[in-house]
file run_16.cif (mmCIF, C-alpha atoms)
data_input
loop_
_atom_site.label_atom_id
_atom_site.label_comp_id
_atom_site.auth_asym_id
_atom_site.auth_seq_id
_atom_site.Cartn_x
_atom_site.Cartn_y
_atom_site.Cartn_z
CA MET A 165 57.15 30.04 -40.07
CA VAL A 166 58.13 26.52 -39.06
CA THR A 167 57.24 23.72 -41.43
CA PHE A 168 56.85 20.03 -40.60
CA SER A 169 56.90 17.00 -42.78
CA ARG A 170 53.87 14.71 -42.69
CA ARG A 171 55.86 12.20 -40.61
CA GLN A 172 56.93 14.90 -38.16
CA ALA A 173 53.37 16.16 -37.86
CA LEU A 174 52.11 12.66 -37.10
CA GLY A 175 54.86 12.27 -34.54
CA VAL A 176 53.91 15.50 -32.78
CA ALA A 177 50.23 14.52 -32.78
CA GLY A 178 51.01 11.08 -31.45
CA GLY A 179 53.17 12.55 -28.71
CA ALA A 180 50.36 14.89 -27.71
CA LEU A 181 47.92 12.00 -27.49
CA LEU A 182 50.33 10.04 -25.31
CA CYS A 183 50.78 13.01 -23.00
CA ALA A 184 47.03 13.48 -22.79
CA GLY A 185 46.60 9.80 -22.02
CA SER A 186 49.23 9.96 -19.30
CA ALA A 187 47.61 12.99 -17.78
CA SER A 188 44.17 11.40 -17.77
CA ALA A 189 45.39 8.09 -16.34
CA HIS A 190 45.26 8.05 -12.57
CA VAL A 191 46.63 5.72 -9.98
CA THR A 192 43.89 3.97 -8.04
CA ALA A 193 45.05 2.95 -4.60
CA ILE A 194 43.08 0.26 -2.82
CA GLY A 195 42.83 -0.50 0.88
CA GLU A 196 39.85 -2.54 1.97
CA SER A 197 39.13 -5.35 4.38
CA GLY A 198 36.11 -7.22 5.63
CA PHE A 199 34.19 -10.45 5.54
CA VAL A 200 33.28 -12.26 2.34
CA THR A 201 31.26 -15.46 2.09
CA ILE A 202 33.77 -18.14 1.15
CA GLY A 203 32.95 -21.83 1.36
CA GLY A 204 29.61 -21.07 2.98
CA ILE A 205 31.01 -19.07 5.92
CA ASP A 206 32.19 -15.50 6.51
CA GLN A 207 35.93 -15.25 5.92
CA TRP A 208 38.11 -12.16 6.36
CA ILE A 209 39.97 -10.75 3.35
CA ALA A 210 42.12 -7.61 2.97
CA ILE A 211 43.19 -6.10 -0.37
CA GLN A 212 45.90 -3.43 -0.26
CA GLY A 213 48.04 -1.68 -2.83
CA GLN A 214 49.16 1.68 -4.13
CA ASP A 215 47.78 0.94 -7.59
CA ALA A 216 45.04 -1.63 -8.13
CA ARG A 217 46.29 -2.11 -11.70
CA SER A 218 49.50 -3.71 -10.37
CA PRO A 219 49.92 -7.49 -10.45
CA ALA A 220 48.03 -9.10 -7.57
CA ILE A 221 49.43 -11.46 -4.93
CA LEU A 222 47.34 -13.82 -2.81
CA PHE A 223 49.35 -14.55 0.35
CA LEU A 224 48.64 -17.90 2.00
CA HIS A 225 49.70 -17.73 5.64
CA GLY A 226 51.34 -20.53 7.58
CA GLY A 227 50.39 -22.36 10.71
CA PRO A 228 47.79 -23.51 10.07
CA ALA A 229 46.25 -20.53 11.92
CA GLU A 230 49.19 -18.10 11.77
CA ALA A 231 46.94 -15.34 10.45
CA GLU A 232 48.54 -12.17 9.07
CA SER A 233 45.63 -9.79 9.78
CA PRO A 234 47.43 -8.21 12.78
CA PHE A 235 50.56 -7.61 10.68
CA LEU A 236 49.33 -6.02 7.46
CA GLN A 237 51.84 -3.19 7.86
CA GLU A 238 54.60 -5.72 7.16
CA PHE A 239 53.35 -6.00 3.57
CA ARG A 240 53.63 -2.27 2.83
CA PRO A 241 57.00 -2.63 1.06
CA TRP A 242 55.27 -4.97 -1.41
CA GLU A 243 52.41 -2.60 -2.11
CA GLY A 244 54.38 -0.28 -4.39
CA SER A 245 54.71 -3.04 -6.99
CA PHE A 246 51.82 -5.38 -6.17
CA THR A 247 48.27 -5.42 -4.89
CA VAL A 248 48.41 -7.75 -1.88
CA VAL A 249 45.49 -9.96 -0.87
CA ASN A 250 45.66 -11.32 2.68
CA TRP A 251 43.15 -13.90 3.88
CA ASP A 252 42.57 -15.29 7.37
CA GLN A 253 41.98 -18.94 6.60
CA ARG A 254 39.19 -21.07 7.99
CA GLY A 255 39.92 -21.54 11.71
CA ALA A 256 42.39 -18.64 11.88
CA GLY A 257 42.48 -14.99 12.91
CA LYS A 258 39.42 -12.87 12.27
CA THR A 259 37.73 -15.68 10.36
CA TYR A 260 37.98 -17.81 13.50
CA GLY A 261 36.77 -14.85 15.56
CA ARG A 262 33.63 -14.64 13.40
CA ASN A 263 32.86 -18.37 13.24
CA GLY A 264 34.31 -19.73 16.49
CA PRO A 265 35.50 -23.23 17.45
CA SER A 266 32.58 -24.85 15.67
CA THR A 267 34.03 -23.89 12.24
CA PRO A 268 32.98 -26.76 9.94
CA ASP A 269 35.01 -28.99 7.67
CA MET A 270 38.60 -28.23 8.68
CA THR A 271 40.15 -30.40 5.97
CA VAL A 272 42.87 -29.83 3.38
CA GLU A 273 40.36 -30.34 0.58
CA ARG A 274 37.97 -27.76 2.02
CA MET A 275 40.74 -25.22 2.61
CA THR A 276 41.98 -25.76 -0.95
CA ASP A 277 38.46 -25.01 -2.19
CA ASP A 278 38.46 -21.90 0.01
CA ALA A 279 41.79 -20.68 -1.36
CA ILE A 280 40.61 -21.13 -4.94
CA GLU A 281 37.40 -19.24 -4.14
CA VAL A 282 39.41 -16.41 -2.55
CA ALA A 283 41.65 -16.24 -5.64
CA GLU A 284 38.60 -16.05 -7.89
CA TYR A 285 37.02 -13.37 -5.69
CA ALA A 286 40.21 -11.30 -5.81
CA CYS A 287 40.46 -11.65 -9.59
CA ARG A 288 36.87 -10.45 -10.01
CA ARG A 289 37.34 -7.58 -7.57
CA LEU A 290 40.52 -6.39 -9.30
CA GLY A 291 39.47 -7.18 -12.86
CA LYS A 292 42.28 -9.67 -13.44
CA ALA A 293 42.41 -13.01 -15.19
CA LYS A 294 45.14 -14.45 -12.98
CA ILE A 295 46.78 -13.91 -9.60
CA ILE A 296 50.21 -14.69 -8.12
CA VAL A 297 50.13 -17.09 -5.17
CA VAL A 298 52.74 -16.79 -2.41
CA GLY A 299 52.57 -19.47 0.29
CA HIS A 300 54.58 -19.65 3.51
CA SER A 301 55.12 -22.88 5.48
CA TRP A 302 51.68 -24.54 5.70
CA GLY A 303 50.57 -21.96 3.13
CA ALA A 304 53.21 -23.29 0.73
CA ILE A 305 51.66 -26.75 0.98
CA LEU A 306 48.18 -25.30 0.51
CA GLY A 307 49.47 -23.40 -2.53
CA LEU A 308 50.61 -26.65 -4.15
CA HIS A 309 47.08 -28.01 -3.88
CA VAL A 310 45.72 -24.80 -5.39
CA ILE A 311 47.99 -24.76 -8.44
CA LYS A 312 47.40 -28.46 -9.11
CA ARG A 313 43.66 -27.81 -9.18
CA ARG A 314 43.40 -24.36 -10.81
CA HIS A 315 46.67 -23.53 -12.55
CA ASP A 316 44.64 -21.58 -15.11
CA ARG A 317 43.99 -18.92 -12.45
CA ILE A 318 47.59 -18.71 -11.21
CA ALA A 319 50.10 -16.42 -12.93
CA ALA A 320 53.01 -17.61 -10.76
CA TYR A 321 53.58 -19.56 -7.56
CA VAL A 322 56.18 -18.85 -4.86
CA GLY A 323 56.60 -21.20 -1.90
CA THR A 324 58.71 -20.31 1.14
CA GLY A 325 59.51 -22.23 4.33
CA PHE A 326 58.40 -25.56 2.89
CA SER A 327 57.76 -28.39 5.35
CA ALA A 328 59.71 -31.17 3.65
CA SER A 329 61.58 -33.19 6.30
CA TRP A 330 61.48 -32.56 10.03
CA ALA A 331 64.58 -34.71 10.60
CA LEU A 332 66.67 -32.88 8.00
CA SER A 333 65.45 -29.50 9.22
CA LEU A 334 66.45 -30.30 12.80
CA ARG A 335 69.86 -31.67 11.78
CA GLY A 336 70.56 -28.56 9.71
CA GLN A 337 69.53 -26.41 12.66
CA GLU A 338 71.83 -28.36 14.97
CA LEU A 339 74.78 -27.99 12.58
CA TRP A 340 74.24 -24.24 12.35
CA ALA A 341 73.84 -23.94 16.14
CA ARG A 342 77.05 -25.89 16.73
CA GLN A 343 78.99 -23.63 14.35
CA GLN A 344 77.66 -20.51 16.08
CA ALA A 345 78.28 -21.94 19.56
CA LEU A 346 81.87 -22.88 18.69
CA ALA A 347 82.51 -19.37 17.38
CA ALA A 348 80.99 -17.86 20.53
CA ARG A 349 82.66 -20.43 22.85
CA ASP A 350 79.18 -21.19 24.16
CA GLN A 351 79.86 -24.30 26.23
CA VAL A 352 76.29 -24.53 27.53
CA THR A 353 74.83 -24.92 24.03
CA LEU A 354 77.61 -27.28 22.93
CA LYS A 355 76.91 -29.54 25.92
CA ALA A 356 73.17 -29.48 25.23
CA LEU A 357 73.80 -30.50 21.61
CA ASP A 358 76.18 -33.29 22.64
CA ASP A 359 73.84 -34.60 25.34
CA THR A 360 70.85 -34.83 22.99
CA ALA A 361 72.54 -35.90 19.73
CA ALA A 362 71.52 -39.55 20.12
CA LEU A 363 67.91 -38.83 21.06
CA PRO A 364 65.08 -39.22 18.52
CA VAL A 365 64.40 -36.14 16.40
CA THR A 366 60.96 -35.92 18.06
CA ASN A 367 62.38 -35.71 21.59
CA TRP A 368 61.67 -32.36 23.19
CA ARG A 369 65.13 -31.95 24.77
CA ARG A 370 66.75 -32.41 21.37
CA ILE A 371 64.32 -30.04 19.69
CA VAL A 372 65.08 -27.16 22.06
CA ALA A 373 68.85 -27.79 22.40
CA SER A 374 69.66 -25.73 19.30
CA ASN A 375 66.96 -23.13 19.89
CA LYS A 376 69.30 -20.33 20.92
CA TYR A 377 70.72 -19.90 17.42
CA LYS A 378 67.64 -20.65 15.34
CA MET A 379 66.25 -17.17 14.84
CA SER A 380 67.63 -14.82 12.19
CA PRO A 381 67.61 -11.05 12.82
CA SER A 382 64.44 -10.71 10.73
CA ASP A 383 62.80 -13.52 12.74
CA VAL A 384 63.61 -11.70 15.96
CA GLU A 385 62.07 -8.48 14.65
CA TYR A 386 58.92 -10.35 13.63
CA LEU A 387 58.67 -11.94 17.08
CA LYS A 388 58.85 -8.46 18.64
CA ILE A 389 55.86 -7.40 16.53
CA GLN A 390 54.03 -10.62 17.43
CA THR A 391 54.73 -10.20 21.14
CA ALA A 392 53.53 -6.59 21.06
CA PHE A 393 50.24 -7.85 19.59
CA VAL A 394 49.56 -10.94 21.74
CA GLY A 395 51.12 -9.65 24.97
CA PRO A 396 53.62 -11.35 27.28
CA GLN A 397 53.65 -15.13 27.38
CA PRO A 398 54.24 -17.50 30.33
CA PRO A 399 58.00 -18.06 30.79
CA GLN A 400 58.05 -21.64 29.44
CA GLN A 401 55.95 -20.82 26.41
CA GLN A 402 58.01 -17.70 25.77
CA ALA A 403 61.15 -19.82 25.51
CA LEU A 404 59.51 -22.39 23.24
CA SER A 405 57.56 -20.04 20.99
CA GLN A 406 60.71 -19.29 19.03
CA ILE A 407 60.37 -22.68 17.35
CA GLY A 408 56.61 -22.41 17.00
CA LEU A 409 55.78 -25.39 19.20
CA PRO A 410 53.47 -25.75 22.22
CA ALA A 411 54.83 -25.96 25.75
CA ALA A 412 55.94 -29.44 26.80
CA PRO A 413 54.65 -30.95 30.06
CA SER A 414 58.04 -32.54 30.83
CA PRO A 415 61.62 -32.31 29.49
CA ALA A 416 61.46 -35.89 28.23
CA ARG A 417 58.36 -35.37 26.14
CA SER A 418 58.48 -36.57 22.54
CA TRP A 419 56.71 -34.50 19.94
CA SER A 420 55.33 -35.57 16.59
CA PRO A 421 55.72 -32.99 13.83
CA PRO A 422 52.61 -32.39 11.72
CA SER A 423 52.47 -34.70 8.76
CA CYS A 424 52.75 -33.11 5.34
CA PRO A 425 49.42 -33.50 3.54
CA SER A 426 49.42 -35.32 0.24
CA THR A 427 49.97 -33.05 -2.74
CA ARG A 428 48.18 -35.32 -5.16
CA GLY A 429 45.35 -33.76 -7.07
CA ARG A 430 41.89 -35.19 -7.00
#

call {"tool": "encode", "arguments": {"input": "run_16.cif", "output": "structure tokens"}}
result
Amino acid sequence: MVTFSRRQALGVAGGALLCAGSASAHVTAIGESGFVTIGGIDQWIAIQGQDARSPAILFLHGGPAEAESPFLQEFRPWEGSFTVVNWDQRGAGKTYGRNGPSTPDMTVERMTDDAIEVAEYACRRLGKAKIIVVGHSWGAILGLHVIKRRHDRIAAYVGTGFSASWALSLRGQELWARQQALAARDQVTLKALDDTAALPVTNWRRIVASNKYKMSPSDVEYLKIQTAFVGPQPPQQQALSQIGLPAAPSPARSWSPPSCPSTRGR
């Protein structure tokens, strides 16, 4: 006969309860998408994750209008640790497809309201008090507006690809391109950089002079996915799409970068 002390008996019982609890707990995967009324119009939202109990991320796409709905598979590596909420913003992707070019109130304030409403919807749907916000490019700016207005709903904020200074961004790109061209003995690119160095930072010839070395390997892979989705582009646009800008009507065209919206709260 084996005897146990009272402490040992309690330990065995507690261990059994923990095992029973682990056995009864089950992972609840989630994978849903569709239209939800946000800001008075139908807006497309997808919620995906291997376990809905995981921390939730609301991803704010860039652009504006660079919707992620065609590329949800790119978020699968995140879904083991997080539940990912993707939203096609007002005027973008499937939300644009539902509402068309007459989409009302395309303002920063309205889109901030939308983002907050999407965050609140996701929190209710997943039974969470707070959500992580990840914003890319324009989405990083939008995220700043969101956290200034409703920081009580945000567990953490991550901004990537911030639009801070067009001039500094272009100069950094030119420096990198020059280093790569020197290493590759690429005289064509070096000449293009020299010929355009004194032009304004908004001049189209200067903007595209460093284009050859702008894209990282991961950028190139993303562009392959994008091209497979949208189909082949006209030759000029294909060359310029790598920097995310529209085709220029003439080589001398000057381009004005989008202004960064104010990040002041109301």

call {"tool": "residues_around", "arguments": {"input": "run_16.cif", "residues": "segment 317-330 of chain A", "least_positions_apart": "3", "cutoff": "10 Å", "atoms": "all atoms listed in the file", "output": "ChimeraX atom specification"}}
result
/A:219-224,226,280,283-284,287,292-308,310-314,333-336,365-366,420-425

call {"tool": "closest_residue", "arguments": {"input": "run_16.cif", "among": "A:Glu238, A:Arg288, A:Ala231, A:Gly204", "to": "Tyr386 of chain A", "atoms": "all atoms listed in the file"}}
result
A:Glu238

call {"tool": "resolve_selection", "arguments": {"input": "run_16.cif", "expression": "the PyMOL selection byres ((chain A and resi 342) around 9)", "output": "CSV table (one decimal) with C-alpha atoms, in the coordinates of the input"}}
result
chain,number,residue,atom,x,y,z
A,337,GLN,CA,69.5,-26.4,12.7
A,338,GLU,CA,71.8,-28.4,15.0
A,339,LEU,CA,74.8,-28.0,12.6
A,340,TRP,CA,74.2,-24.2,12.4
A,341,ALA,CA,73.8,-23.9,16.1
A,343,GLN,CA,79.0,-23.6,14.4
A,344,GLN,CA,77.7,-20.5,16.1
A,345,ALA,CA,78.3,-21.9,19.6
A,346,LEU,CA,81.9,-22.9,18.7
A,347,ALA,CA,82.5,-19.4,17.4
A,353,THR,CA,74.8,-24.9,24.0
A,354,LEU,CA,77.6,-27.3,22.9
A,357,LEU,CA,73.8,-30.5,21.6
A,374,SER,CA,69.7,-25.7,19.3
A,377,TYR,CA,70.7,-19.9,17.4

call {"tool": "resolve_selection", "arguments": {"input": "run_16.cif", "expression": "the PyMOL selection byres ((chain A and resi 247-254) around 6)", "output": "list in words"}}
result
Trp208, Ile209, Ala210, Ile211, Gln212, Gly213, Ala216, Ser218, Ala220, Ile221, Leu222, Phe223, Ala231, Glu243, Phe246, Gly255, Ala256, Gly257 and Thr259 of chain A

call {"tool": "atom_distance", "arguments": {"input": "run_16.cif", "atom1": "atom CA of Met275 of chain A", "atom2": "atom CA of Gly203 of chain A"}}
result
8.6 Å

call {"tool": "closest_residue", "arguments": {"input": "run_16.cif", "among": "A:Asp350, A:Val200, A:Asp269, A:Lys258", "to": "Glu230 of chain A", "atoms": "only C-alpha atoms"}}
result
A:Lys258

call {"tool": "atom_distance", "arguments": {"input": "run_16.cif", "atom1": "atom CA of Gln214 of chain A", "atom2": "atom CA of Arg240 of chain A"}}
result
9.2 Å

call {"tool": "atom_distance", "arguments": {"input": "run_16.cif", "atom1": "atom CA of Gly261 of chain A", "atom2": "atom CA of Val384 of chain A"}}
result
27.0 Å

call {"tool": "axis_aligned_box", "arguments": {"input": "run_16.cif", "around": "segment 228-236 of chain A", "padding_each_side": "6 Å", "output": "AutoDock Vina command-line options"}}
result
--center_x 48.1 --center_y -14.8 --center_z 10.1 --size_x 16.9 --size_y 29.5 --size_z 17.3

call {"tool": "closest_residue", "arguments": {"input": "run_16.cif", "among": "A:Asp215, A:His309, A:Thr360, A:Phe239", "to": "Ala193 of chain A", "atoms": "only C-alpha atoms"}}
result
A:Asp215

call {"tool": "closest_residue", "arguments": {"input": "run_16.cif", "among": "A:Pro268, A:Gly291, A:Pro234, A:Gly227", "to": "Asp206 of chain A", "atoms": "all atoms listed in the file"}}
result
A:Pro268

call {"tool": "build_atoms", "arguments": {"input": "run_16.cif", "residues": "segment 230-248 of chain A", "atoms": "N, CA and C atoms", "output": "PDB file, in the frame of the given file"}}
result
ATOM      1  N   GLU A 230      48.311 -19.241  11.530  1.00  0.00           N
ATOM      2  CA  GLU A 230      49.190 -18.100  11.770  1.00  0.00           C
ATOM      3  C   GLU A 230      48.725 -16.927  10.895  1.00  0.00           C
ATOM      4  N   ALA A 231      47.575 -16.386  11.253  1.00  0.00           N
ATOM      5  CA  ALA A 231      46.940 -15.340  10.450  1.00  0.00           C
ATOM      6  C   ALA A 231      47.807 -14.088  10.394  1.00  0.00           C
ATOM      7  N   GLU A 232      47.751 -13.387   9.263  1.00  0.00           N
ATOM      8  CA  GLU A 232      48.540 -12.170   9.070  1.00  0.00           C
ATOM      9  C   GLU A 232      47.729 -10.896   9.295  1.00  0.00           C
ATOM     10  N   SER A 233      46.453 -11.008   9.634  1.00  0.00           N
ATOM     11  CA  SER A 233      45.630  -9.790   9.780  1.00  0.00           C
ATOM     12  C   SER A 233      46.193  -8.795  10.781  1.00  0.00           C
ATOM     13  N   PRO A 234      46.871  -9.215  11.874  1.00  0.00           N
ATOM     14  CA  PRO A 234      47.430  -8.210  12.780  1.00  0.00           C
ATOM     15  C   PRO A 234      48.690  -7.537  12.232  1.00  0.00           C
ATOM     16  N   PHE A 235      49.249  -8.057  11.131  1.00  0.00           N
ATOM     17  CA  PHE A 235      50.560  -7.610  10.680  1.00  0.00           C
ATOM     18  C   PHE A 235      50.548  -7.076   9.243  1.00  0.00           C
ATOM     19  N   LEU A 236      49.439  -6.495   8.842  1.00  0.00           N
ATOM     20  CA  LEU A 236      49.330  -6.020   7.460  1.00  0.00           C
ATOM     21  C   LEU A 236      50.384  -4.971   7.122  1.00  0.00           C
ATOM     22  N   GLN A 237      50.845  -4.226   8.133  1.00  0.00           N
ATOM     23  CA  GLN A 237      51.840  -3.190   7.860  1.00  0.00           C
ATOM     24  C   GLN A 237      53.148  -3.789   7.343  1.00  0.00           C
ATOM     25  N   GLU A 238      53.377  -5.078   7.624  1.00  0.00           N
ATOM     26  CA  GLU A 238      54.600  -5.720   7.160  1.00  0.00           C
ATOM     27  C   GLU A 238      54.601  -5.933   5.648  1.00  0.00           C
ATOM     28  N   PHE A 239      53.441  -5.806   5.018  1.00  0.00           N
ATOM     29  CA  PHE A 239      53.350  -6.000   3.570  1.00  0.00           C
ATOM     30  C   PHE A 239      53.463  -4.677   2.799  1.00  0.00           C
ATOM     31  N   ARG A 240      53.583  -3.568   3.510  1.00  0.00           N
ATOM     32  CA  ARG A 240      53.630  -2.270   2.830  1.00  0.00           C
ATOM     33  C   ARG A 240      54.761  -2.157   1.813  1.00  0.00           C
ATOM     34  N   PRO A 241      55.954  -2.704   2.087  1.00  0.00           N
ATOM     35  CA  PRO A 241      57.000  -2.630   1.060  1.00  0.00           C
ATOM     36  C   PRO A 241      56.620  -3.309  -0.256  1.00  0.00           C
ATOM     37  N   TRP A 242      55.707  -4.291  -0.188  1.00  0.00           N
ATOM     38  CA  TRP A 242      55.270  -4.970  -1.410  1.00  0.00           C
ATOM     39  C   TRP A 242      54.279  -4.125  -2.211  1.00  0.00           C
ATOM     40  N   GLU A 243      53.588  -3.239  -1.517  1.00  0.00           N
ATOM     41  CA  GLU A 243      52.410  -2.600  -2.110  1.00  0.00           C
ATOM     42  C   GLU A 243      52.744  -1.568  -3.180  1.00  0.00           C
ATOM     43  N   GLY A 244      54.009  -1.179  -3.309  1.00  0.00           N
ATOM     44  CA  GLY A 244      54.380  -0.280  -4.390  1.00  0.00           C
ATOM     45  C   GLY A 244      54.388  -0.974  -5.735  1.00  0.00           C
ATOM     46  N   SER A 245      54.621  -2.283  -5.733  1.00  0.00           N
ATOM     47  CA  SER A 245      54.710  -3.040  -6.990  1.00  0.00           C
ATOM     48  C   SER A 245      53.572  -4.030  -7.188  1.00  0.00           C
ATOM     49  N   PHE A 246      52.871  -4.368  -6.100  1.00  0.00           N
ATOM     50  CA  PHE A 246      51.820  -5.380  -6.170  1.00  0.00           C
ATOM     51  C   PHE A 246      50.591  -4.928  -5.381  1.00  0.00           C
ATOM     52  N   THR A 247      49.459  -5.491  -5.739  1.00  0.00           N
ATOM     53  CA  THR A 247      48.270  -5.420  -4.890  1.00  0.00           C
ATOM     54  C   THR A 247      48.248  -6.711  -4.079  1.00  0.00           C
ATOM     55  N   VAL A 248      48.241  -6.587  -2.756  1.00  0.00           N
ATOM     56  CA  VAL A 248      48.410  -7.750  -1.880  1.00  0.00           C
ATOM     57  C   VAL A 248      47.069  -8.140  -1.275  1.00  0.00           C
TER      58      VAL A 248
END
